[in-house]
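J.: Below is the file start28.cif, with mmCIF, C-alpha atoms.
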```cif
data_coords
#
loop_
_atom_site.label_atom_id
_atom_site.label_comp_id
_atom_site.auth_asym_id
_atom_site.auth_seq_id
_atom_site.Cartn_x
_atom_site.Cartn_y
_atom_site.Cartn_z
CA MET E 1475 -41.85 -8.22 -0.06
CA ARG E 1476 -41.35 -5.12 -2.10
CA ASN E 1477 -41.14 -3.02 1.04
CA MET E 1478 -38.61 -5.43 2.45
CA ARG E 1479 -36.48 -5.14 -0.66
CA PHE E 1480 -36.73 -1.35 -0.55
CA LEU E 1481 -35.64 -1.38 3.08
CA MET E 1482 -32.71 -3.64 2.28
CA THR E 1483 -31.67 -1.40 -0.60
CA MET E 1484 -31.80 1.64 1.65
CA LEU E 1485 -29.79 -0.18 4.30
CA LEU E 1486 -27.22 -1.21 1.72
CA ALA E 1487 -27.08 2.34 0.42
CA LEU E 1488 -26.42 3.54 3.96
CA VAL E 1489 -23.67 0.99 4.46
CA PHE E 1490 -21.98 2.02 1.20
CA THR E 1491 -22.29 5.75 1.84
CA GLY E 1492 -20.82 5.12 5.27
CA ALA E 1493 -17.89 3.30 3.74
CA MET E 1494 -17.38 6.14 1.27
CA ALA E 1495 -17.55 8.80 3.94
CA GLN E 1496 -14.56 7.14 5.60
CA LYS E 1497 -12.51 7.75 2.48
CA SER E 1498 -10.70 10.76 3.78
CA GLY E 1499 -7.93 12.71 2.17
CA TYR E 1500 -7.41 15.66 -0.10
CA GLN E 1501 -9.37 16.62 -3.16
CA VAL E 1502 -8.15 19.07 -5.76
CA GLY E 1503 -8.49 22.57 -4.29
CA ASP E 1504 -7.80 21.49 -0.71
CA THR E 1505 -4.89 22.78 1.33
CA ALA E 1506 -2.22 20.16 1.95
CA ARG E 1507 -0.27 19.86 5.17
CA ASP E 1508 3.50 19.98 5.39
CA PHE E 1509 5.55 17.17 6.91
CA GLU E 1510 8.84 16.42 8.58
CA LEU E 1511 10.05 13.08 7.27
CA LYS E 1512 13.40 11.36 7.27
CA ASN E 1513 15.17 11.37 3.92
CA VAL E 1514 17.44 8.56 2.70
CA ASP E 1515 20.46 10.80 3.49
CA GLY E 1516 19.41 10.90 7.16
CA GLU E 1517 18.26 14.53 7.04
CA THR E 1518 14.71 15.59 7.83
CA VAL E 1519 12.82 17.02 4.88
CA SER E 1520 9.88 19.39 5.00
CA MET E 1521 8.35 21.55 2.31
CA ALA E 1522 8.85 24.66 4.45
CA ASP E 1523 12.62 24.24 3.97
CA HIS E 1524 12.24 24.95 0.25
CA GLU E 1525 11.66 28.67 0.45
CA ASP E 1526 12.26 29.23 -3.24
CA ALA E 1527 9.90 26.51 -4.44
CA LYS E 1528 6.68 27.46 -6.20
CA GLY E 1529 5.23 24.11 -5.28
CA PHE E 1530 5.97 20.40 -5.15
CA LEU E 1531 5.41 17.12 -6.90
CA VAL E 1532 4.71 14.90 -3.92
CA ILE E 1533 4.76 11.31 -5.16
CA PHE E 1534 3.67 8.41 -2.98
CA SER E 1535 6.15 5.76 -3.98
CA CYS E 1536 8.01 2.70 -2.72
CA ASN E 1537 10.72 0.21 -3.67
CA THR E 1538 8.67 -2.87 -4.45
CA CYS E 1539 5.82 -1.91 -6.76
CA PRO E 1540 6.49 -2.82 -10.41
CA TYR E 1541 4.58 0.29 -11.52
CA VAL E 1542 6.88 2.46 -9.43
CA VAL E 1543 9.91 0.70 -10.89
CA ALA E 1544 8.50 1.36 -14.37
CA TYR E 1545 8.15 5.06 -13.51
CA GLU E 1546 11.39 5.69 -11.54
CA ASP E 1547 13.29 7.08 -14.52
CA ARG E 1548 10.36 9.31 -15.42
CA MET E 1549 10.18 10.53 -11.80
CA MET E 1550 13.85 11.47 -12.07
CA GLU E 1551 13.21 13.26 -15.36
CA LEU E 1552 10.30 15.16 -13.83
CA HIS E 1553 12.59 16.36 -11.04
CA GLU E 1554 15.41 17.31 -13.46
CA LYS E 1555 12.95 19.23 -15.59
CA TYR E 1556 10.80 20.93 -12.95
CA ALA E 1557 12.99 21.44 -9.86
CA PRO E 1558 14.83 24.29 -11.64
CA LYS E 1559 11.43 25.77 -12.47
CA GLY E 1560 10.32 25.66 -8.85
CA TYR E 1561 8.56 22.29 -8.62
CA PRO E 1562 10.88 19.65 -7.12
CA VAL E 1563 9.83 16.03 -6.66
CA ILE E 1564 9.55 14.66 -3.13
CA ALA E 1565 8.94 10.91 -3.09
CA ILE E 1566 7.30 9.47 0.03
CA ASN E 1567 7.33 5.79 0.89
CA PRO E 1568 4.27 5.13 3.08
CA ASN E 1569 4.39 1.32 3.16
CA ASP E 1570 4.51 -0.54 6.46
CA GLU E 1571 7.80 -2.35 6.70
CA ALA E 1572 6.28 -5.30 8.57
CA LEU E 1573 3.81 -5.92 5.74
CA SER E 1574 6.30 -5.14 2.99
CA PRO E 1575 9.87 -5.82 4.15
CA GLY E 1576 11.25 -4.65 0.81
CA ASP E 1577 10.07 -1.15 1.68
CA SER E 1578 12.17 -0.66 4.83
CA PHE E 1579 14.21 2.51 5.27
CA GLU E 1580 17.44 0.58 4.60
CA LYS E 1581 16.01 -0.73 1.33
CA MET E 1582 14.96 2.80 0.42
CA GLN E 1583 18.54 3.94 0.94
CA GLU E 1584 19.77 1.09 -1.27
CA ARG E 1585 17.32 1.92 -4.03
CA ALA E 1586 18.10 5.64 -3.89
CA ARG E 1587 21.84 4.86 -4.11
CA ASP E 1588 21.45 2.35 -6.97
CA LYS E 1589 19.29 4.70 -9.02
CA ASN E 1590 21.09 7.84 -7.86
CA PHE E 1591 17.80 9.61 -7.15
CA PRO E 1592 18.19 13.37 -7.57
CA PHE E 1593 15.11 14.01 -5.41
CA ALA E 1594 14.34 13.53 -1.72
CA TYR E 1595 13.03 10.05 -0.91
CA VAL E 1596 11.48 10.13 2.55
CA TYR E 1597 9.88 7.60 4.83
CA ASP E 1598 6.36 8.11 6.23
CA GLU E 1599 6.91 5.54 8.93
CA SER E 1600 3.92 6.56 11.08
CA GLN E 1601 1.68 6.74 7.96
CA GLU E 1602 0.36 10.06 9.25
CA ILE E 1603 1.05 11.81 5.96
CA VAL E 1604 -0.42 9.17 3.64
CA ASN E 1605 -3.54 9.15 5.81
CA ALA E 1606 -3.81 12.94 5.68
CA TYR E 1607 -3.33 13.03 1.89
CA GLY E 1608 -5.56 10.03 1.26
CA ALA E 1609 -3.31 8.31 -1.28
CA THR E 1610 -4.38 4.75 -2.05
CA ARG E 1611 -1.70 3.39 -4.34
CA THR E 1612 1.85 3.77 -5.56
CA PRO E 1613 2.78 5.65 -7.61
CA GLU E 1614 0.31 8.48 -6.99
CA VAL E 1615 1.19 12.13 -7.58
CA TYR E 1616 -0.05 15.18 -5.66
CA LEU E 1617 0.88 18.42 -7.37
CA LEU E 1618 0.93 21.24 -4.83
CA GLN E 1619 1.19 24.95 -5.50
CA LYS E 1620 2.24 27.57 -2.97
CA GLN E 1621 -0.38 30.27 -2.56
CA ASP E 1622 0.56 32.78 0.14
CA ASP E 1623 1.55 30.49 2.99
CA GLU E 1624 -0.53 27.57 1.90
CA LEU E 1625 0.05 24.54 -0.29
CA VAL E 1626 -2.94 24.00 -2.55
CA VAL E 1627 -3.60 20.65 -4.24
CA LYS E 1628 -3.77 21.20 -8.00
CA TYR E 1629 -3.62 17.71 -9.44
CA ILE E 1630 -3.97 14.16 -8.10
CA GLY E 1631 -3.23 11.04 -10.10
CA ALA E 1632 -0.99 9.26 -12.54
CA ILE E 1633 2.19 10.49 -14.21
CA ASP E 1634 1.10 9.63 -17.75
CA ASN E 1635 -0.98 7.12 -19.68
CA ASN E 1636 1.55 4.40 -20.51
CA TYR E 1637 3.51 2.79 -17.68
CA ARG E 1638 5.06 0.22 -20.00
CA ASP E 1639 6.77 2.43 -22.51
CA ALA E 1640 7.63 6.09 -22.03
CA SER E 1641 7.98 6.54 -25.79
CA GLU E 1642 4.39 5.39 -26.34
CA VAL E 1643 2.88 7.93 -23.95
CA THR E 1644 0.18 10.10 -25.52
CA GLU E 1645 -0.97 11.99 -22.41
CA ARG E 1646 1.55 13.49 -19.97
CA TYR E 1647 -0.83 14.36 -17.15
CA VAL E 1648 1.73 15.66 -14.66
CA GLU E 1649 3.81 17.62 -17.15
CA GLU E 1650 0.70 19.21 -18.58
CA ALA E 1651 -0.48 20.14 -15.10
CA VAL E 1652 2.84 21.72 -14.04
CA ASP E 1653 3.19 23.50 -17.38
CA ALA E 1654 -0.29 24.92 -16.90
CA LEU E 1655 0.66 26.27 -13.46
CA LEU E 1656 3.90 27.73 -14.79
CA ASN E 1657 1.98 29.48 -17.58
CA ASP E 1658 -0.98 30.58 -15.48
CA ARG E 1659 -3.33 28.35 -17.40
CA GLN E 1660 -6.14 26.16 -16.16
CA ILE E 1661 -5.14 22.53 -15.69
CA ALA E 1662 -7.15 20.55 -18.24
CA GLU E 1663 -7.26 17.28 -16.31
CA THR E 1664 -7.02 17.71 -12.55
CA SER E 1665 -7.31 14.07 -11.55
CA THR E 1666 -6.62 10.75 -13.22
CA LYS E 1667 -6.76 7.11 -12.24
CA ALA E 1668 -4.25 4.34 -12.85
CA ILE E 1669 -3.66 0.79 -11.75
CA GLY E 1670 -1.15 0.75 -8.94
CA CYS E 1671 -0.04 -1.18 -5.88
CA THR E 1672 -2.17 -0.81 -2.78
CA ILE E 1673 -0.46 1.12 -0.02
CA LYS E 1674 0.39 -1.32 2.77
CA PHE E 1675 -1.41 0.19 5.75
CA ARG E 1676 -0.46 -1.07 9.19
CA LYS E 1677 -3.15 -3.34 10.56
CA MET J 1278 -36.14 -28.47 -35.42
CA VAL J 1279 -35.09 -26.31 -32.51
CA LEU J 1280 -32.22 -24.95 -34.53
CA GLY J 1281 -34.62 -24.21 -37.36
CA THR J 1282 -36.77 -22.12 -35.07
CA TRP J 1283 -33.73 -20.20 -33.92
CA TYR J 1284 -32.65 -19.39 -37.40
CA PHE J 1285 -35.96 -17.76 -38.19
CA VAL J 1286 -36.01 -15.44 -35.21
CA PRO J 1287 -35.75 -12.12 -37.00
CA LYS J 1288 -34.73 -9.90 -34.10
CA ASN J 1289 -31.09 -8.93 -34.16
CA GLU J 1290 -31.16 -7.92 -30.51
CA TYR J 1291 -32.25 -11.40 -29.58
CA MET J 1292 -29.38 -12.96 -31.50
CA LYS J 1293 -26.98 -10.48 -29.99
CA SER J 1294 -27.99 -11.38 -26.47
CA ILE J 1295 -27.59 -15.07 -27.27
CA ILE J 1296 -24.12 -14.45 -28.65
CA ILE J 1297 -23.17 -12.40 -25.60
CA ALA J 1298 -24.57 -15.07 -23.30
CA LEU J 1299 -22.61 -17.76 -25.14
CA LEU J 1300 -19.49 -15.64 -24.97
CA ALA J 1301 -19.95 -15.10 -21.24
CA PHE J 1302 -20.69 -18.79 -20.76
CA GLY J 1303 -17.57 -19.69 -22.69
CA LEU J 1304 -15.43 -17.42 -20.55
CA PHE J 1305 -16.92 -18.60 -17.29
CA HIS J 1306 -16.34 -22.20 -18.29
CA SER J 1307 -12.87 -21.79 -19.61
CA ASP J 1308 -10.71 -24.75 -20.42
CA GLY J 1309 -7.83 -23.32 -18.43
CA LYS J 1310 -6.49 -21.35 -21.37
CA LEU J 1311 -6.01 -17.69 -20.60
CA LYS J 1312 -7.99 -15.25 -22.68
CA ILE J 1313 -6.65 -11.77 -23.38
CA VAL J 1314 -9.34 -9.11 -23.65
CA SER J 1315 -9.57 -5.40 -24.38
CA PHE J 1316 -11.61 -3.19 -22.07
CA GLU J 1317 -14.47 -3.19 -24.59
CA GLU J 1318 -14.51 -6.98 -24.60
CA PHE J 1319 -14.40 -7.02 -20.82
CA GLU J 1320 -17.30 -4.58 -20.71
CA GLU J 1321 -19.34 -6.96 -22.88
CA ILE J 1322 -18.66 -9.74 -20.40
CA ILE J 1323 -19.78 -7.77 -17.36
CA GLU J 1324 -22.78 -6.31 -19.14
CA ALA J 1325 -24.08 -9.71 -20.26
CA PRO J 1326 -27.41 -10.50 -18.59
CA SER J 1327 -27.29 -12.91 -15.66
CA ASP J 1328 -29.68 -14.16 -13.00
CA GLY J 1329 -27.08 -14.61 -10.32
CA ILE J 1330 -24.43 -12.69 -8.46
CA ARG J 1331 -21.14 -12.34 -10.30
CA VAL J 1332 -17.76 -11.50 -8.84
CA TYR J 1333 -14.85 -10.01 -10.80
CA ASN J 1334 -11.61 -9.89 -8.85
CA PHE J 1335 -8.86 -7.63 -10.23
CA TRP J 1336 -5.37 -8.90 -9.51
CA ALA J 1337 -1.87 -9.38 -10.88
CA THR J 1338 0.86 -11.97 -10.35
CA TRP J 1339 3.13 -9.30 -8.84
CA CYS J 1340 0.53 -8.19 -6.27
CA ALA J 1341 1.10 -9.94 -2.93
CA PRO J 1342 -2.22 -9.03 -1.23
CA CYS J 1343 -4.05 -10.14 -4.39
CA ILE J 1344 -2.44 -13.56 -4.31
CA LYS J 1345 -3.22 -13.87 -0.64
CA GLU J 1346 -6.95 -13.34 -1.10
CA MET J 1347 -7.42 -15.49 -4.22
CA PRO J 1348 -8.03 -18.78 -2.36
CA HIS J 1349 -10.80 -17.04 -0.36
CA PHE J 1350 -12.49 -16.06 -3.60
CA GLN J 1351 -12.33 -19.59 -4.95
CA THR J 1352 -13.68 -21.09 -1.70
CA VAL J 1353 -16.45 -18.56 -1.13
CA SER J 1354 -17.64 -18.47 -4.74
CA ARG J 1355 -18.15 -22.21 -4.53
CA SER J 1356 -19.85 -22.26 -1.13
CA GLU J 1357 -22.08 -19.27 -1.91
CA GLY J 1358 -22.83 -20.40 -5.48
CA VAL J 1359 -21.73 -17.21 -7.23
CA GLU J 1360 -19.89 -16.87 -10.52
CA LEU J 1361 -16.28 -15.80 -10.14
CA MET J 1362 -13.81 -14.46 -12.65
CA PHE J 1363 -10.23 -13.42 -11.96
CA VAL J 1364 -9.26 -10.41 -14.06
CA SER J 1365 -5.51 -10.21 -14.40
CA LEU J 1366 -3.89 -6.82 -15.00
CA ASP J 1367 -0.52 -8.35 -15.78
CA ASP J 1368 1.57 -7.37 -18.77
CA GLY J 1369 -0.36 -8.54 -21.84
CA ARG J 1370 2.89 -9.18 -23.68
CA LYS J 1371 3.77 -11.90 -21.16
CA PRO J 1372 0.64 -14.04 -20.71
CA ASP J 1373 2.76 -17.08 -19.83
CA ARG J 1374 3.46 -15.50 -16.43
CA VAL J 1375 -0.26 -15.67 -15.68
CA GLU J 1376 -0.67 -19.13 -17.22
CA ASN J 1377 2.19 -20.52 -15.15
CA PHE J 1378 0.77 -18.92 -12.04
CA MET J 1379 -2.68 -20.42 -12.67
CA GLU J 1380 -1.16 -23.85 -13.04
CA LYS J 1381 1.16 -23.60 -10.05
CA ARG J 1382 -1.46 -22.14 -7.70
CA ASN J 1383 -4.23 -24.38 -8.95
CA ILE J 1384 -6.50 -21.56 -10.08
CA THR J 1385 -9.52 -23.39 -11.47
CA SER J 1386 -11.84 -20.39 -11.75
CA PRO J 1387 -11.94 -18.58 -15.10
CA VAL J 1388 -9.22 -16.00 -15.69
CA VAL J 1389 -8.96 -13.28 -18.30
CA LEU J 1390 -6.08 -10.90 -18.84
CA LEU J 1391 -7.39 -7.37 -19.32
CA ASP J 1392 -4.78 -5.84 -21.57
CA ASP J 1393 -5.50 -2.13 -21.76
CA ILE J 1394 -2.97 0.19 -20.15
CA ASP J 1395 -4.67 3.50 -20.91
CA TYR J 1396 -6.02 3.13 -17.40
CA ASN J 1397 -7.60 6.52 -16.87
CA ARG J 1398 -9.84 5.83 -19.85
CA TRP J 1399 -11.58 2.85 -18.26
CA ILE J 1400 -11.08 2.53 -14.47
CA GLY J 1401 -13.93 4.94 -13.78
CA LYS J 1402 -16.18 2.97 -16.14
CA VAL J 1403 -15.81 -0.07 -13.89
CA SER J 1404 -16.64 1.93 -10.76
CA ASP J 1405 -16.41 5.51 -9.50
CA ASP J 1406 -15.25 4.03 -6.21
CA TRP J 1407 -12.11 2.53 -7.73
CA SER J 1408 -8.91 4.57 -7.46
CA GLY J 1409 -6.98 1.97 -9.42
CA ALA J 1410 -5.31 0.21 -6.49
CA ILE J 1411 -5.42 -3.59 -6.56
CA PRO J 1412 -6.68 -5.91 -5.23
CA ALA J 1413 -10.15 -4.66 -6.04
CA THR J 1414 -13.39 -6.49 -6.67
CA LEU J 1415 -16.49 -5.73 -8.69
CA PHE J 1416 -19.72 -7.42 -7.60
CA ILE J 1417 -22.79 -7.45 -9.83
CA ASP J 1418 -25.98 -8.45 -8.06
CA ALA J 1419 -28.89 -10.37 -9.60
CA ASN J 1420 -30.52 -7.07 -10.62
CA GLY J 1421 -27.45 -6.04 -12.55
CA LYS J 1422 -26.44 -3.40 -10.02
CA ARG J 1423 -22.71 -2.90 -9.43
CA HIS J 1424 -20.99 -2.82 -6.05
CA PHE J 1425 -17.31 -2.27 -5.53
CA HIS J 1426 -14.66 -3.04 -2.96
CA GLU J 1427 -11.11 -1.70 -3.16
CA GLY J 1428 -8.52 -3.52 -1.07
CA GLU J 1429 -7.87 -6.98 0.27
CA MET J 1430 -10.75 -9.07 1.67
CA SER J 1431 -10.75 -11.85 4.23
CA GLU J 1432 -12.88 -14.93 3.68
CA GLN J 1433 -15.45 -13.61 6.19
CA GLU J 1434 -15.56 -10.12 4.67
CA LEU J 1435 -16.17 -11.64 1.27
CA LYS J 1436 -18.94 -13.88 2.56
CA ASP J 1437 -20.62 -10.96 4.34
CA PHE J 1438 -20.38 -8.79 1.24
CA ILE J 1439 -21.96 -11.45 -0.96
CA ASN J 1440 -24.71 -12.19 1.55
CA LYS J 1441 -25.69 -8.53 1.62
CA LEU J 1442 -26.22 -8.73 -2.14
CA LYS J 1443 -28.49 -11.77 -1.96
#
```
Here is a file; write its structure as structure tokens.
T.:
Amino acid sequence: MRNMRFLMTMLLALVFTGAMAQKSGYQVGDTARDFELKNVDGETVSMADHEDAKGFLVIFSCNTCPYVVAYEDRMMELHEKYAPKGYPVIAINPNDEALSPGDSFEKMQERARDKNFPFAYVYDESQEIVNAYGATRTPEVYLLQKQDDELVVKYIGAIDNNYRDASEVTERYVEEAVDALLNDRQIAETSTKAIGCTIKFRK
Amino acid sequence: MVLGTWYFVPKNEYMKSIIIALLAFGLFHSDGKLKIVSFEEFEEIIEAPSDGIRVYNFWATWCAPCIKEMPHFQTVSRSEGVELMFVSLDDGRKPDRVENFMEKRNITSPVVLLDDIDYNRWIGKVSDDWSGAIPATLFIDANGKRHFHEGEMSEQELKDFINKLK
């Protein structure tokens, strides 16, 4: 009986490790790939086009998630603050339109117009980029820094620690991370977790 | 007589476990009224001793895939004889949204609203495997070991998962 239980535990452990091994995507320190994705203005956006940038705030985002909606103004502020310092925001909508009709390209254009987004808002229609990055939810930030010709992942996670009320925030994870890069300091917290909407992966 | 015996049990730990068990019992047999809990209170619930498998499904009224899988959880928890609790991550300032939803969708299983938005402080304490995306489900087997699934589950997937824990 005991042997049986041990065997079952080992089997279960194998199953779970297997499931974890499938969790692909970038960790902090990895090199991120570039992309060519269609922006809401119809132009194709890639990070290579931004020759002057020191890095990027790549944010997996969408139109429909209430957490994204809560953070849209803060995403705009991040861009206004850090694009001039070399770290523009690029928002990527990875949601499958069939599973989430509110996240179609047309709806993205509407949202960008209504909010007057100052940053690029691009559509990862094939989901190739979200799969490469390994994002699981919206909003989720990947802070990338240019090192030689590569884009190195420096921070993965949430924008701050209070989605409900920007004035109640006590930890500004993304700002602290970018400020650290700008000042050649170590980033104190390189990854954080937050409740968010599952990315709608095509079945 | 029985009560008398209880009163003279000197061990605090013993009393504490009874209180926790009663608390857990109370929550699992809720009268339909939504309870709002902090993460610490939620932790007490999941750490209460139990002989059976328990299932904690994290959801929110605004989360479409969560709502889709909820009936599966109600059906399977009944057929497999496991304890189920729905843990809402809705806005704690608007509990009526959750209460109305429970009534409209005929949610008869216990529901708590976990009202703690300093997410990075506690998500990892539930499971290292949880990125924070919902739906997500915590399973605690009869030995008290935790298992985690992030993402939507079909009725069959849920059944299979529970049967592996038996």
J.: With 10 Å as the threshold, what does the neighbourhood of (3.1, 33.0, -3.9) contain in terms of residues, counting all atoms listed in the file? Coordinates are those of the file; answer as a list in words.
T.: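 Protein, DNA and RNA residues close to (3.1, 33.0, -3.9): Asp1526, Ala1527, Lys1528, Gly1529, Gln1619, Lys1620, Gln1621, Asp1622, Asp1623, Glu1624 and Leu1625 of chain E.
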J.: At a cut-off of 8 Å, list the chain E residues touching chain J, using only C-alpha atoms, as a ChimeraX atom specification.
T.: /E:1486,1540,1610-1611,1635-1637,1666-1672
J.: Write out as a tab-separated table a residue-level contact list of segment 1610-1650 of chain E versus segment 1547-1560 of chain E with cut-off 10 Å: for each qualifying residue the closest pair of atoms and the distance in Å to one decimal, counting all atoms listed in the file, rows sorted by chain and residue number upward.
T.:
```
residue	atom	partner	partner_atom	distance
E:Pro1613	CA	E:Met1549	CA	9.8
E:Gln1619	CA	E:Gly1560	CA	9.8
E:Ile1633	CA	E:Arg1548	CA	8.3
E:Asp1634	CA	E:Arg1548	CA	9.6
E:Tyr1637	CA	E:Arg1548	CA	9.7
E:Ala1640	CA	E:Arg1548	CA	7.8
E:Val1648	CA	E:Leu1552	CA	8.6
E:Glu1649	CA	E:Leu1552	CA	7.7
```
J.: Residues picked by the PyMOL selection byres ((chain J and resi 1333) around 9) here, as a list in words?
T.: Ile1323, Arg1331, Val1332, Asn1334, Phe1335, Glu1360, Leu1361, Met1362, Phe1363, Val1364, Ala1413, Thr1414, Leu1415, Phe1416 and Ile1417 of chain J
J.: Do you know which residues the PyMOL selection byres ((chain J and resi 1373-1388) around 12) returns on this file, as a PyMOL selection string?
T.: chain J and resi 1301-1314+1319+1332-1339+1344-1345+1347-1355+1359-1372+1389-1391
J.: Between E:Ile1533, E:Val1643, E:Ala1662, E:Ala1522, single out the one closest to Val1604 of chain E, counting only C-alpha atoms.
T.: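 For Val1604 of chain E, the nearest of the given residues is E:Ile1533.
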J.: For segment 1520-1526 of chain E, I'd like the enclosing box, axis-aligned and padded by 6 Å on every side, reported as JSON with centre and edge lengths in Å to one decimal.
T.:
```
{"center_x": 10.5, "center_y": 24.3, "center_z": 0.9, "size_x": 16.3, "size_y": 21.8, "size_z": 20.2}
```
J.: Apply the PyMOL selection byres ((chain E and resi 1569-1580) around 10) to the structure shown and report the selected residues as a ChimeraX atom specification.
T.: /E:1512-1514,1534-1539,1566-1568,1581-1586,1595-1601,1604,1611-1612,1672-1677 /J:1341-1342
J.: Generate the coordinates of N, CA and C atoms for segment 1426-1438 of chain J; report them as a PDB file, in the frame of the given file.
T.:
```pdb
ATOM      1  N   HIS J1426     -15.516  -3.041  -4.141  1.00  0.00           N
ATOM      2  CA  HIS J1426     -14.660  -3.040  -2.960  1.00  0.00           C
ATOM      3  C   HIS J1426     -13.214  -2.903  -3.388  1.00  0.00           C
ATOM      4  N   GLU J1427     -12.544  -1.854  -2.881  1.00  0.00           N
ATOM      5  CA  GLU J1427     -11.110  -1.700  -3.160  1.00  0.00           C
ATOM      6  C   GLU J1427     -10.334  -2.166  -1.942  1.00  0.00           C
ATOM      7  N   GLY J1428      -9.351  -3.024  -2.163  1.00  0.00           N
ATOM      8  CA  GLY J1428      -8.520  -3.520  -1.070  1.00  0.00           C
ATOM      9  C   GLY J1428      -8.755  -5.006  -0.829  1.00  0.00           C
ATOM     10  N   GLU J1429      -7.841  -5.548  -0.011  1.00  0.00           N
ATOM     11  CA  GLU J1429      -7.870  -6.980   0.270  1.00  0.00           C
ATOM     12  C   GLU J1429      -9.105  -7.358   1.085  1.00  0.00           C
ATOM     13  N   MET J1430      -9.600  -8.593   0.896  1.00  0.00           N
ATOM     14  CA  MET J1430     -10.750  -9.070   1.670  1.00  0.00           C
ATOM     15  C   MET J1430     -10.409 -10.399   2.335  1.00  0.00           C
ATOM     16  N   SER J1431     -10.887 -10.560   3.569  1.00  0.00           N
ATOM     17  CA  SER J1431     -10.750 -11.850   4.230  1.00  0.00           C
ATOM     18  C   SER J1431     -11.905 -12.732   3.768  1.00  0.00           C
ATOM     19  N   GLU J1432     -11.816 -14.024   4.095  1.00  0.00           N
ATOM     20  CA  GLU J1432     -12.880 -14.930   3.680  1.00  0.00           C
ATOM     21  C   GLU J1432     -14.229 -14.468   4.263  1.00  0.00           C
ATOM     22  N   GLN J1433     -14.206 -14.042   5.531  1.00  0.00           N
ATOM     23  CA  GLN J1433     -15.450 -13.610   6.190  1.00  0.00           C
ATOM     24  C   GLN J1433     -15.999 -12.340   5.554  1.00  0.00           C
ATOM     25  N   GLU J1434     -15.114 -11.380   5.289  1.00  0.00           N
ATOM     26  CA  GLU J1434     -15.560 -10.120   4.670  1.00  0.00           C
ATOM     27  C   GLU J1434     -16.231 -10.387   3.326  1.00  0.00           C
ATOM     28  N   LEU J1435     -15.637 -11.308   2.586  1.00  0.00           N
ATOM     29  CA  LEU J1435     -16.170 -11.640   1.270  1.00  0.00           C
ATOM     30  C   LEU J1435     -17.547 -12.290   1.388  1.00  0.00           C
ATOM     31  N   LYS J1436     -17.651 -13.217   2.325  1.00  0.00           N
ATOM     32  CA  LYS J1436     -18.940 -13.880   2.560  1.00  0.00           C
ATOM     33  C   LYS J1436     -20.004 -12.851   2.938  1.00  0.00           C
ATOM     34  N   ASP J1437     -19.657 -11.975   3.881  1.00  0.00           N
ATOM     35  CA  ASP J1437     -20.620 -10.960   4.340  1.00  0.00           C
ATOM     36  C   ASP J1437     -21.053 -10.070   3.189  1.00  0.00           C
ATOM     37  N   PHE J1438     -20.077  -9.675   2.366  1.00  0.00           N
ATOM     38  CA  PHE J1438     -20.380  -8.790   1.240  1.00  0.00           C
ATOM     39  C   PHE J1438     -21.366  -9.455   0.293  1.00  0.00           C
TER      40      PHE J1438
END
```
